file final-v2.csv (CSV, C-alpha atoms and all ligand atoms)
chain,number,residue,atom,x,y,z
A,1,MET,CA,-1.2,19.0,-5.4
A,2,MET,CA,-3.2,16.4,-7.1
A,3,GLN,CA,-5.8,17.1,-9.7
A,4,SER,CA,-8.5,14.7,-10.7
A,5,ASP,CA,-8.1,15.5,-14.3
A,6,LEU,CA,-4.6,14.0,-14.2
A,7,PHE,CA,-6.3,10.6,-14.1
A,8,PRO,CA,-6.7,9.2,-17.6
A,9,SER,CA,-9.6,6.7,-16.9
A,10,PRO,CA,-12.1,8.0,-14.3
A,11,SER,CA,-14.1,4.8,-14.8
A,12,SER,CA,-11.4,2.9,-12.8
A,13,ARG,CA,-12.6,4.8,-9.7
A,14,LEU,CA,-14.5,2.5,-7.4
A,15,PHE,CA,-16.0,5.6,-5.7
A,16,ASP,CA,-15.3,9.3,-5.8
A,17,ASP,CA,-17.4,11.5,-3.5
A,18,ALA,CA,-17.2,13.6,-0.4
A,19,THR,CA,-15.4,10.8,1.4
A,20,GLY,CA,-12.6,10.7,-1.1
A,21,PHE,CA,-11.8,8.3,-3.9
A,22,VAL,CA,-10.4,4.8,-4.4
A,23,GLU,CA,-9.1,3.7,-7.8
A,24,TYR,CA,-8.0,0.2,-8.9
A,25,LEU,CA,-5.7,-0.1,-11.9
A,26,PRO,CA,-5.0,-3.7,-13.0
A,27,ASP,CA,-2.2,-4.7,-15.3
A,28,CYS,CA,0.1,-1.6,-14.8
A,29,ILE,CA,3.1,-4.0,-15.0
A,30,ASP,CA,3.3,-7.0,-17.2
A,31,THR,CA,3.3,-10.5,-15.6
A,32,ASP,CA,7.0,-11.2,-16.3
A,33,THR,CA,8.2,-7.9,-14.9
A,34,ALA,CA,5.9,-8.3,-11.8
A,35,GLY,CA,7.4,-11.8,-11.2
A,36,HIS,CA,10.9,-10.5,-11.7
A,37,TRP,CA,10.5,-7.6,-9.3
A,38,PHE,CA,8.9,-9.9,-6.7
A,39,THR,CA,11.9,-12.2,-6.8
A,40,GLN,CA,14.4,-9.4,-6.7
A,41,LEU,CA,12.8,-7.7,-3.8
A,42,ARG,CA,12.3,-10.9,-1.8
A,43,GLU,CA,16.1,-11.7,-2.2
A,44,ALA,CA,17.6,-8.2,-2.0
A,45,ILE,CA,15.6,-6.5,0.9
A,46,ASP,CA,16.8,-6.8,4.4
A,47,TRP,CA,13.3,-7.6,5.7
A,48,ARG,CA,12.5,-6.6,9.3
A,49,HIS,CA,10.6,-8.7,11.7
A,50,GLU,CA,9.0,-6.2,14.1
A,51,ARG,CA,7.2,-6.5,17.4
A,52,ARG,CA,4.6,-4.1,18.7
A,53,ARG,CA,3.2,-3.3,22.1
A,54,MET,CA,-0.5,-4.1,22.1
A,55,TYR,CA,-2.8,-4.3,25.2
A,56,GLU,CA,0.4,-4.3,27.4
A,57,ARG,CA,1.9,-7.3,25.5
A,58,ASP,CA,4.5,-7.5,22.8
A,59,VAL,CA,3.2,-9.2,19.8
A,60,ASP,CA,4.7,-10.1,16.4
A,61,VAL,CA,3.8,-7.8,13.5
A,62,PRO,CA,2.3,-10.5,11.3
A,63,ARG,CA,4.3,-9.8,8.2
A,64,LEU,CA,7.8,-8.6,7.3
A,65,VAL,CA,8.5,-4.9,6.6
A,66,ALA,CA,11.0,-2.5,5.1
A,67,SER,CA,11.0,1.2,4.1
A,68,PHE,CA,13.1,3.6,2.0
A,69,ARG,CA,13.2,7.2,1.1
A,70,LEU,CA,13.1,7.4,-2.7
A,71,ASP,CA,16.1,9.7,-2.7
A,72,ASP,CA,18.2,7.0,-1.0
A,73,ALA,CA,21.2,6.4,-3.2
A,74,SER,CA,21.2,2.7,-2.4
A,75,LEU,CA,17.6,2.2,-3.3
A,76,PRO,CA,17.2,-1.4,-4.5
A,77,LEU,CA,16.8,-1.4,-8.3
A,78,PRO,CA,13.2,-2.4,-8.9
A,79,LEU,CA,12.0,0.2,-6.5
A,80,ARG,CA,13.1,3.1,-8.8
A,81,ASP,CA,11.2,1.5,-11.7
A,82,ALA,CA,8.2,0.8,-9.5
A,83,SER,CA,8.1,4.4,-8.3
A,84,ASP,CA,8.1,5.5,-11.9
A,85,VAL,CA,5.0,3.4,-12.6
A,86,ALA,CA,3.3,4.7,-9.5
A,87,GLU,CA,4.1,8.3,-10.3
A,88,SER,CA,3.2,8.1,-14.0
A,89,ARG,CA,-0.2,6.5,-13.2
A,90,SER,CA,-1.1,8.8,-10.3
A,91,GLY,CA,0.5,12.1,-11.4
A,92,VAL,CA,2.0,12.4,-8.0
A,93,ARG,CA,5.7,12.6,-7.0
A,94,PHE,CA,6.4,10.4,-4.0
A,95,ASN,CA,9.3,10.5,-1.6
A,96,SER,CA,8.9,7.3,0.3
A,97,VAL,CA,8.1,3.6,-0.1
A,98,GLY,CA,7.0,1.2,2.6
A,99,LEU,CA,7.2,-2.5,1.8
A,100,ASN,CA,5.2,-5.4,3.3
A,101,PHE,CA,6.0,-9.1,2.8
A,102,TYR,CA,3.0,-11.4,3.5
A,103,ARG,CA,4.7,-14.8,3.7
A,104,ASP,CA,1.5,-16.8,3.5
A,105,GLY,CA,-2.2,-16.6,4.5
A,106,ARG,CA,-1.4,-16.2,8.2
A,107,ASP,CA,0.3,-12.8,7.5
A,108,SER,CA,-2.0,-9.8,7.4
A,109,VAL,CA,-2.4,-6.1,8.2
A,110,ALA,CA,-5.2,-5.3,10.7
A,111,PRO,CA,-7.8,-2.6,9.7
A,112,HIS,CA,-6.2,0.8,10.0
A,113,ASN,CA,-6.0,4.2,8.3
A,114,ASP,CA,-2.5,5.4,7.3
A,115,HIS,CA,-1.2,8.0,9.7
A,116,LEU,CA,-2.3,11.4,8.4
A,117,ASP,CA,0.3,13.3,10.5
A,118,GLU,CA,3.0,11.5,8.4
A,119,LEU,CA,1.4,12.4,5.0
A,120,GLU,CA,1.7,15.6,3.1
A,121,PRO,CA,-1.9,16.9,3.2
A,122,GLY,CA,-4.0,16.1,0.1
A,123,THR,CA,-1.6,13.5,-1.3
A,124,PRO,CA,-2.8,9.9,-2.1
A,125,ILE,CA,-1.3,6.6,-1.2
A,126,VAL,CA,-0.5,4.2,-4.0
A,127,LEU,CA,-0.2,0.4,-3.4
A,128,LEU,CA,1.6,-1.7,-6.0
A,129,SER,CA,1.0,-5.4,-5.6
A,130,LEU,CA,3.4,-8.3,-6.5
A,131,GLY,CA,3.3,-12.0,-5.9
A,132,ASP,CA,0.0,-13.8,-5.1
A,133,THR,CA,-3.3,-12.0,-5.0
A,134,ARG,CA,-4.7,-11.0,-1.6
A,135,GLN,CA,-8.0,-9.4,-0.8
A,136,MET,CA,-8.1,-6.0,0.8
A,137,THR,CA,-11.1,-4.9,2.9
A,138,ILE,CA,-12.0,-1.2,2.9
A,139,ARG,CA,-14.7,-0.4,5.4
A,140,ALA,CA,-16.3,3.0,6.2
A,141,LYS,CA,-15.8,4.1,9.8
A,142,ARG,CA,-19.3,5.5,10.0
A,143,PRO,CA,-22.8,4.6,8.7
A,144,PRO,CA,-23.8,4.0,6.0
A,145,ARG,CA,-21.0,1.4,6.3
A,146,ARG,CA,-19.8,1.0,2.8
A,147,VAL,CA,-17.6,-2.1,2.5
A,148,LEU,CA,-15.3,-3.0,-0.5
A,149,GLN,CA,-13.6,-6.3,-0.9
A,150,LEU,CA,-10.9,-5.9,-3.5
A,151,ASP,CA,-8.7,-8.5,-5.0
A,152,LEU,CA,-5.2,-6.9,-5.4
A,153,ALA,CA,-3.7,-8.7,-8.3
A,154,PRO,CA,0.0,-8.7,-9.1
A,155,GLY,CA,0.9,-5.8,-11.3
A,156,SER,CA,-2.0,-3.7,-10.1
A,157,LEU,CA,-2.1,-0.3,-8.4
A,158,LEU,CA,-4.6,0.8,-5.8
A,159,ILE,CA,-4.9,4.5,-5.3
A,160,MET,CA,-6.5,5.8,-2.1
A,161,SER,CA,-7.0,9.5,-1.7
A,162,TYR,CA,-5.9,11.4,1.4
A,163,ALA,CA,-9.6,12.0,2.4
A,164,THR,CA,-10.3,8.2,2.4
A,165,GLN,CA,-7.9,7.8,5.4
A,166,LEU,CA,-10.3,10.0,7.4
A,167,HIS,CA,-13.4,8.0,6.4
A,168,TYR,CA,-12.3,4.4,5.9
A,169,ASP,CA,-10.1,1.7,7.4
A,170,HIS,CA,-8.3,-0.7,5.1
A,171,GLY,CA,-6.6,-4.1,5.9
A,172,ILE,CA,-5.5,-7.4,4.4
A,173,PRO,CA,-7.2,-10.1,6.5
A,174,LYS,CA,-5.7,-13.5,7.1
A,175,VAL,CA,-7.0,-16.3,4.9
A,176,ASP,CA,-7.4,-20.0,5.7
A,177,TYR,CA,-6.8,-21.3,2.2
A,178,PRO,CA,-3.4,-21.9,0.7
A,179,VAL,CA,-1.9,-18.7,-0.8
A,180,GLY,CA,1.6,-17.9,-1.9
A,181,PRO,CA,3.7,-14.9,-0.8
A,182,ARG,CA,2.8,-11.3,-1.7
A,183,ILE,CA,4.8,-8.1,-1.5
A,184,SER,CA,3.1,-4.7,-1.5
A,185,LEU,CA,4.8,-1.4,-2.1
A,186,ALA,CA,3.1,1.6,-0.5
A,187,PHE,CA,4.2,4.9,-2.1
A,188,ARG,CA,3.6,8.0,0.0
A,189,VAL,CA,4.5,11.7,0.1
A,190,ARG,CA,5.8,12.0,3.6
A,191,ARG,CA,5.9,15.3,5.4
A,192,LYS,CA,9.4,16.8,5.7
A,193,GLU,CA,8.9,17.2,9.4
A,194,GLY,CA,6.8,14.9,11.5
A,195,PRO,CA,7.2,11.7,13.4
A,196,ALA,CA,9.4,8.9,12.3
A,197,GLY,CA,7.5,6.3,10.3
A,198,GLY,CA,5.7,3.7,12.3
A,199,HIS,CA,4.0,0.6,11.1
A,200,TYR,CA,0.5,-0.7,11.3
A,201,ARG,CA,-0.6,-3.9,13.0
A,301,LIG,O1,-0.4,-4.7,1.6
A,301,LIG,C1,-1.2,-3.8,1.3
A,301,LIG,O2,-1.7,-3.8,0.1
A,301,LIG,C2,-1.6,-2.8,2.3
A,301,LIG,C3,-0.5,-2.2,3.1
A,301,LIG,C4,-0.9,-1.1,4.0
A,301,LIG,O3,-2.1,-0.8,4.2
A,301,LIG,C5,0.1,-0.2,4.6
A,301,LIG,O4,1.3,-0.5,4.4
A,301,LIG,O5,-0.2,0.8,5.2
A,302,FE,FE,-2.2,1.2,5.1
call {"tool": "encode", "arguments": {"input": "final-v2.csv", "output": "structure tokens", "more": "lines below"}}
Ligand SMILES: O=C(O)CCC(=O)C(=O)O
Ligand SMILES: [Fe+2]
result
Amino acid sequence: MMQSDLFPSPSSRLFDDATGFVEYLPDCIDTDTAGHWFTQLREAIDWRHERRRMYERDVDVPRLVASFRLDDASLPLPLRDASDVAESRSGVRFNSVGLNFYRDGRDSVAPHNDHLDELEPGTPIVLLSLGDTRQMTIRAKRPPRRVLQLDLAPGSLLIMSYATQLHYDHGIPKVDYPVGPRISLAFRVRRKEGPAGGHYR
């Protein structure tokens, strides 16, 4: 599906080995466009506030979420352009986008790997960041416990290969300093069959 020689700048890979690869591409969208898309999405999306059963209690998912199939005729406008950017920079044709809206530093996503039973085997996940910069932690599940702390700047793409979901967890921790809102778009190739999309803590 995806060939590494489709990637124009191998040096942007933070690692690339038997555990998969992670690639960070800053400035894929200019600042004005990133700001415009952020505002459009914040206003146009019908953001869901979800709850999730955890340790026999219902808890709030600490961010707002939304999701679309990319063949949805009513796909909000900037998502089409955003998927074009994700596709041209990764060489992969995606069929779904999951959105996360982190309202402030108290919003987060707990360490997790994306559900492999929902992904077409071998396909990467591309995260496009808009709004304020938040830090992502990527941590190996097993020793030697490689840890990456990445600032995900607006207009950047982060590409995580399929294999990394077996070997690493990723998350956006809460922060105790003032930070503005952030929206992330997670492009995926979802399997045709398979479970309905869930969300992560
Ligand atoms: O907001 C992000 O950049 C990460 C989101 C994420 O990990 C997910 O939606 O699965
Ligand atoms: Fe994720």
call {"tool": "residues_near_ligand", "arguments": {"input": "final-v2.csv", "ligand": "ligand LIG 301 (chain A)", "cutoff": "9 Å", "atoms": "only C-alpha atoms and all ligand atoms", "output": "VMD selection string"}}
result
chain A and resid 65 98 to 102 108 to 115 125 127 to 129 134 to 136 152 158 169 to 172 182 to 187 199 to 200
call {"tool": "closest_residue", "arguments": {"input": "final-v2.csv", "among": "A:Arg190, A:Lys174, A:Arg103, A:His167", "to": "Val22 of chain A", "atoms": "only C-alpha atoms"}}
result
A:His167
call {"tool": "atom_distance", "arguments": {"input": "final-v2.csv", "atom1": "atom CA of Ile29 of chain A", "atom2": "atom CA of Ser88 of chain A"}}
result
12.1 Å
call {"tool": "closest_residue", "arguments": {"input": "final-v2.csv", "among": "A:Ser161, A:Asp132, A:Asp151, A:Pro143", "to": "ligand FE 302 (chain A)", "atoms": "all atoms listed in the file"}}
result
A:Ser161
call {"tool": "closest_residue", "arguments": {"input": "final-v2.csv", "among": "A:Val85, A:Val126, A:Val147, A:Ala34", "to": "Ile159 of chain A", "atoms": "only C-alpha atoms"}}
result
A:Val126
call {"tool": "closest_residue", "arguments": {"input": "final-v2.csv", "among": "A:Lys192, A:Val97, A:Pro181, A:Gln149", "to": "ligand FE 302 (chain A)", "atoms": "only C-alpha atoms and all ligand atoms"}}
result
A:Val97
call {"tool": "atom_distance", "arguments": {"input": "final-v2.csv", "atom1": "atom CA of Phe94 of chain A", "atom2": "atom CA of Val189 of chain A"}}
result
4.7 Å
call {"tool": "closest_residue", "arguments": {"input": "final-v2.csv", "among": "A:Arg188, A:Arg48, A:Lys141, A:Arg146", "to": "Leu64 of chain A", "atoms": "all atoms listed in the file"}}
result
A:Arg48
call {"tool": "closest_residue", "arguments": {"input": "final-v2.csv", "among": "A:Arg53, A:Leu41, A:Asp107, A:Asp176", "to": "Ala66 of chain A", "atoms": "all atoms listed in the file"}}
result
A:Leu41
call {"tool": "atom_distance", "arguments": {"input": "final-v2.csv", "atom1": "atom CA of Asp27 of chain A", "atom2": "atom CA of Ser12 of chain A"}}
result
12.2 Å
call {"tool": "residues_around", "arguments": {"input": "final-v2.csv", "residues": "Val59 of chain A", "least_positions_apart": "4", "cutoff": "12 Å", "atoms": "all atoms listed in the file", "output": "compact mmCIF listing (two decimals) with C-alpha atoms, in the coordinates of the input"}}
result
# COMPACT_ATOMS: atom_id res chain seq x y z
CA HIS A 49 10.60 -8.70 11.70
CA GLU A 50 9.00 -6.20 14.10
CA ARG A 51 7.20 -6.50 17.40
CA ARG A 52 4.60 -4.10 18.70
CA ARG A 53 3.20 -3.30 22.10
CA MET A 54 -0.50 -4.10 22.10
CA TYR A 55 -2.80 -4.30 25.20
CA ARG A 63 4.30 -9.80 8.20
CA ARG A 201 -0.60 -3.90 13.00
call {"tool": "decode", "arguments": {"input": "final-v2.csv", "residues": "segment 20-63 of chain A", "atoms": "N, CA and C atoms", "output": "PDB file, in the first residue's frame"}}
result
ATOM      1  N   GLY A  20       8.667   0.454  13.171  1.00  0.00           N
ATOM      2  CA  GLY A  20       7.862   1.366  12.363  1.00  0.00           C
ATOM      3  C   GLY A  20       8.547   2.710  12.206  1.00  0.00           C
ATOM      4  N   PHE A  21       7.794   3.706  11.724  1.00  0.00           N
ATOM      5  CA  PHE A  21       8.398   5.039  11.608  1.00  0.00           C
ATOM      6  C   PHE A  21       7.414   6.112  12.045  1.00  0.00           C
ATOM      7  N   VAL A  22       7.995   7.218  12.514  1.00  0.00           N
ATOM      8  CA  VAL A  22       7.233   8.429  12.824  1.00  0.00           C
ATOM      9  C   VAL A  22       7.908   9.575  12.086  1.00  0.00           C
ATOM     10  N   GLU A  23       7.108  10.376  11.405  1.00  0.00           N
ATOM     11  CA  GLU A  23       7.640  11.472  10.595  1.00  0.00           C
ATOM     12  C   GLU A  23       6.898  12.749  10.971  1.00  0.00           C
ATOM     13  N   TYR A  24       7.649  13.823  11.198  1.00  0.00           N
ATOM     14  CA  TYR A  24       7.045  15.121  11.528  1.00  0.00           C
ATOM     15  C   TYR A  24       7.340  16.100  10.404  1.00  0.00           C
ATOM     16  N   LEU A  25       6.272  16.669   9.832  1.00  0.00           N
ATOM     17  CA  LEU A  25       6.416  17.609   8.713  1.00  0.00           C
ATOM     18  C   LEU A  25       5.819  18.954   9.124  1.00  0.00           C
ATOM     19  N   PRO A  26       6.657  19.930   9.511  1.00  0.00           N
ATOM     20  CA  PRO A  26       6.126  21.236   9.896  1.00  0.00           C
ATOM     21  C   PRO A  26       5.731  22.037   8.655  1.00  0.00           C
ATOM     22  N   ASP A  27       4.910  23.064   8.856  1.00  0.00           N
ATOM     23  CA  ASP A  27       4.608  24.052   7.809  1.00  0.00           C
ATOM     24  C   ASP A  27       4.046  23.443   6.528  1.00  0.00           C
ATOM     25  N   CYS A  28       3.170  22.467   6.645  1.00  0.00           N
ATOM     26  CA  CYS A  28       2.521  21.908   5.451  1.00  0.00           C
ATOM     27  C   CYS A  28       1.395  22.821   4.978  1.00  0.00           C
ATOM     28  N   ILE A  29       0.928  23.687   5.891  1.00  0.00           N
ATOM     29  CA  ILE A  29      -0.139  24.655   5.576  1.00  0.00           C
ATOM     30  C   ILE A  29       0.346  25.999   6.078  1.00  0.00           C
ATOM     31  N   ASP A  30       0.124  27.053   5.297  1.00  0.00           N
ATOM     32  CA  ASP A  30       0.599  28.358   5.763  1.00  0.00           C
ATOM     33  C   ASP A  30      -0.257  28.840   6.945  1.00  0.00           C
ATOM     34  N   THR A  31       0.308  29.781   7.695  1.00  0.00           N
ATOM     35  CA  THR A  31      -0.292  30.219   8.958  1.00  0.00           C
ATOM     36  C   THR A  31      -1.709  30.750   8.769  1.00  0.00           C
ATOM     37  N   ASP A  32      -1.918  31.549   7.718  1.00  0.00           N
ATOM     38  CA  ASP A  32      -3.253  32.131   7.501  1.00  0.00           C
ATOM     39  C   ASP A  32      -4.288  31.042   7.239  1.00  0.00           C
ATOM     40  N   THR A  33      -3.930  30.091   6.380  1.00  0.00           N
ATOM     41  CA  THR A  33      -4.860  29.002   6.049  1.00  0.00           C
ATOM     42  C   THR A  33      -5.145  28.155   7.284  1.00  0.00           C
ATOM     43  N   ALA A  34      -4.103  27.860   8.056  1.00  0.00           N
ATOM     44  CA  ALA A  34      -4.301  27.047   9.269  1.00  0.00           C
ATOM     45  C   ALA A  34      -5.254  27.761  10.224  1.00  0.00           C
ATOM     46  N   GLY A  35      -5.097  29.074  10.360  1.00  0.00           N
ATOM     47  CA  GLY A  35      -5.976  29.854  11.244  1.00  0.00           C
ATOM     48  C   GLY A  35      -7.406  29.860  10.734  1.00  0.00           C
ATOM     49  N   HIS A  36      -7.542  29.982   9.430  1.00  0.00           N
ATOM     50  CA  HIS A  36      -8.858  30.022   8.792  1.00  0.00           C
ATOM     51  C   HIS A  36      -9.571  28.667   8.962  1.00  0.00           C
ATOM     52  N   TRP A  37      -8.858  27.588   8.715  1.00  0.00           N
ATOM     53  CA  TRP A  37      -9.456  26.239   8.869  1.00  0.00           C
ATOM     54  C   TRP A  37      -9.869  26.004  10.309  1.00  0.00           C
ATOM     55  N   PHE A  38      -9.018  26.458  11.256  1.00  0.00           N
ATOM     56  CA  PHE A  38      -9.346  26.279  12.674  1.00  0.00           C
ATOM     57  C   PHE A  38     -10.692  26.942  12.985  1.00  0.00           C
ATOM     58  N   THR A  39     -10.847  28.192  12.567  1.00  0.00           N
ATOM     59  CA  THR A  39     -12.081  28.935  12.859  1.00  0.00           C
ATOM     60  C   THR A  39     -13.278  28.286  12.170  1.00  0.00           C
ATOM     61  N   GLN A  40     -13.100  27.928  10.912  1.00  0.00           N
ATOM     62  CA  GLN A  40     -14.205  27.290  10.163  1.00  0.00           C
ATOM     63  C   GLN A  40     -14.663  26.006  10.855  1.00  0.00           C
ATOM     64  N   LEU A  41     -13.711  25.172  11.261  1.00  0.00           N
ATOM     65  CA  LEU A  41     -14.069  23.890  11.867  1.00  0.00           C
ATOM     66  C   LEU A  41     -14.699  24.090  13.245  1.00  0.00           C
ATOM     67  N   ARG A  42     -14.126  25.001  14.021  1.00  0.00           N
ATOM     68  CA  ARG A  42     -14.678  25.235  15.363  1.00  0.00           C
ATOM     69  C   ARG A  42     -16.151  25.646  15.259  1.00  0.00           C
ATOM     70  N   GLU A  43     -16.472  26.486  14.244  1.00  0.00           N
ATOM     71  CA  GLU A  43     -17.845  26.981  14.106  1.00  0.00           C
ATOM     72  C   GLU A  43     -18.760  25.961  13.423  1.00  0.00           C
ATOM     73  N   ALA A  44     -18.255  25.269  12.403  1.00  0.00           N
ATOM     74  CA  ALA A  44     -19.148  24.483  11.529  1.00  0.00           C
ATOM     75  C   ALA A  44     -19.442  23.083  12.065  1.00  0.00           C
ATOM     76  N   ILE A  45     -18.531  22.539  12.870  1.00  0.00           N
ATOM     77  CA  ILE A  45     -18.689  21.137  13.274  1.00  0.00           C
ATOM     78  C   ILE A  45     -19.670  21.034  14.441  1.00  0.00           C
ATOM     79  N   ASP A  46     -20.488  20.001  14.379  1.00  0.00           N
ATOM     80  CA  ASP A  46     -21.394  19.695  15.476  1.00  0.00           C
ATOM     81  C   ASP A  46     -20.606  18.801  16.451  1.00  0.00           C
ATOM     82  N   TRP A  47     -19.828  19.448  17.324  1.00  0.00           N
ATOM     83  CA  TRP A  47     -18.896  18.717  18.197  1.00  0.00           C
ATOM     84  C   TRP A  47     -19.659  17.871  19.199  1.00  0.00           C
ATOM     85  N   ARG A  48     -19.205  16.649  19.389  1.00  0.00           N
ATOM     86  CA  ARG A  48     -19.839  15.746  20.363  1.00  0.00           C
ATOM     87  C   ARG A  48     -19.066  15.754  21.672  1.00  0.00           C
ATOM     88  N   HIS A  49     -19.831  15.776  22.732  1.00  0.00           N
ATOM     89  CA  HIS A  49     -19.252  15.635  24.056  1.00  0.00           C
ATOM     90  C   HIS A  49     -19.585  14.213  24.484  1.00  0.00           C
ATOM     91  N   GLU A  50     -18.580  13.342  24.612  1.00  0.00           N
ATOM     92  CA  GLU A  50     -18.877  11.934  24.872  1.00  0.00           C
ATOM     93  C   GLU A  50     -18.525  11.545  26.295  1.00  0.00           C
ATOM     94  N   ARG A  51     -19.170  10.480  26.720  1.00  0.00           N
ATOM     95  CA  ARG A  51     -18.822   9.878  28.009  1.00  0.00           C
ATOM     96  C   ARG A  51     -18.404   8.447  27.751  1.00  0.00           C
ATOM     97  N   ARG A  52     -17.613   7.928  28.639  1.00  0.00           N
ATOM     98  CA  ARG A  52     -17.061   6.607  28.420  1.00  0.00           C
ATOM     99  C   ARG A  52     -17.025   5.865  29.747  1.00  0.00           C
ATOM    100  N   ARG A  53     -17.336   4.559  29.675  1.00  0.00           N
ATOM    101  CA  ARG A  53     -17.338   3.720  30.874  1.00  0.00           C
ATOM    102  C   ARG A  53     -15.891   3.357  31.221  1.00  0.00           C
ATOM    103  N   MET A  54     -15.473   3.680  32.412  1.00  0.00           N
ATOM    104  CA  MET A  54     -14.103   3.373  32.836  1.00  0.00           C
ATOM    105  C   MET A  54     -14.110   2.950  34.285  1.00  0.00           C
ATOM    106  N   TYR A  55     -13.546   1.782  34.560  1.00  0.00           N
ATOM    107  CA  TYR A  55     -13.518   1.284  35.931  1.00  0.00           C
ATOM    108  C   TYR A  55     -14.901   1.402  36.566  1.00  0.00           C
ATOM    109  N   GLU A  56     -15.938   0.955  35.842  1.00  0.00           N
ATOM    110  CA  GLU A  56     -17.318   0.915  36.329  1.00  0.00           C
ATOM    111  C   GLU A  56     -17.900   2.278  36.659  1.00  0.00           C
ATOM    112  N   ARG A  57     -17.338   3.325  36.054  1.00  0.00           N
ATOM    113  CA  ARG A  57     -17.905   4.668  36.213  1.00  0.00           C
ATOM    114  C   ARG A  57     -18.001   5.294  34.837  1.00  0.00           C
ATOM    115  N   ASP A  58     -18.973   6.183  34.651  1.00  0.00           N
ATOM    116  CA  ASP A  58     -19.023   6.956  33.412  1.00  0.00           C
ATOM    117  C   ASP A  58     -18.223   8.239  33.619  1.00  0.00           C
ATOM    118  N   VAL A  59     -17.270   8.465  32.743  1.00  0.00           N
ATOM    119  CA  VAL A  59     -16.454   9.685  32.860  1.00  0.00           C
ATOM    120  C   VAL A  59     -16.530  10.461  31.548  1.00  0.00           C
ATOM    121  N   ASP A  60     -16.338  11.776  31.645  1.00  0.00           N
ATOM    122  CA  ASP A  60     -16.315  12.613  30.445  1.00  0.00           C
ATOM    123  C   ASP A  60     -15.057  12.309  29.638  1.00  0.00           C
ATOM    124  N   VAL A  61     -15.214  12.189  28.322  1.00  0.00           N
ATOM    125  CA  VAL A  61     -14.046  12.182  27.441  1.00  0.00           C
ATOM    126  C   VAL A  61     -13.525  13.619  27.456  1.00  0.00           C
ATOM    127  N   PRO A  62     -12.258  13.832  27.832  1.00  0.00           N
ATOM    128  CA  PRO A  62     -11.792  15.194  28.100  1.00  0.00           C
ATOM    129  C   PRO A  62     -11.412  15.984  26.844  1.00  0.00           C
ATOM    130  N   ARG A  63     -12.299  16.033  25.905  1.00  0.00           N
ATOM    131  CA  ARG A  63     -12.141  16.850  24.688  1.00  0.00           C
ATOM    132  C   ARG A  63     -13.420  16.637  23.892  1.00  0.00           C
TER     133      ARG A  63
END
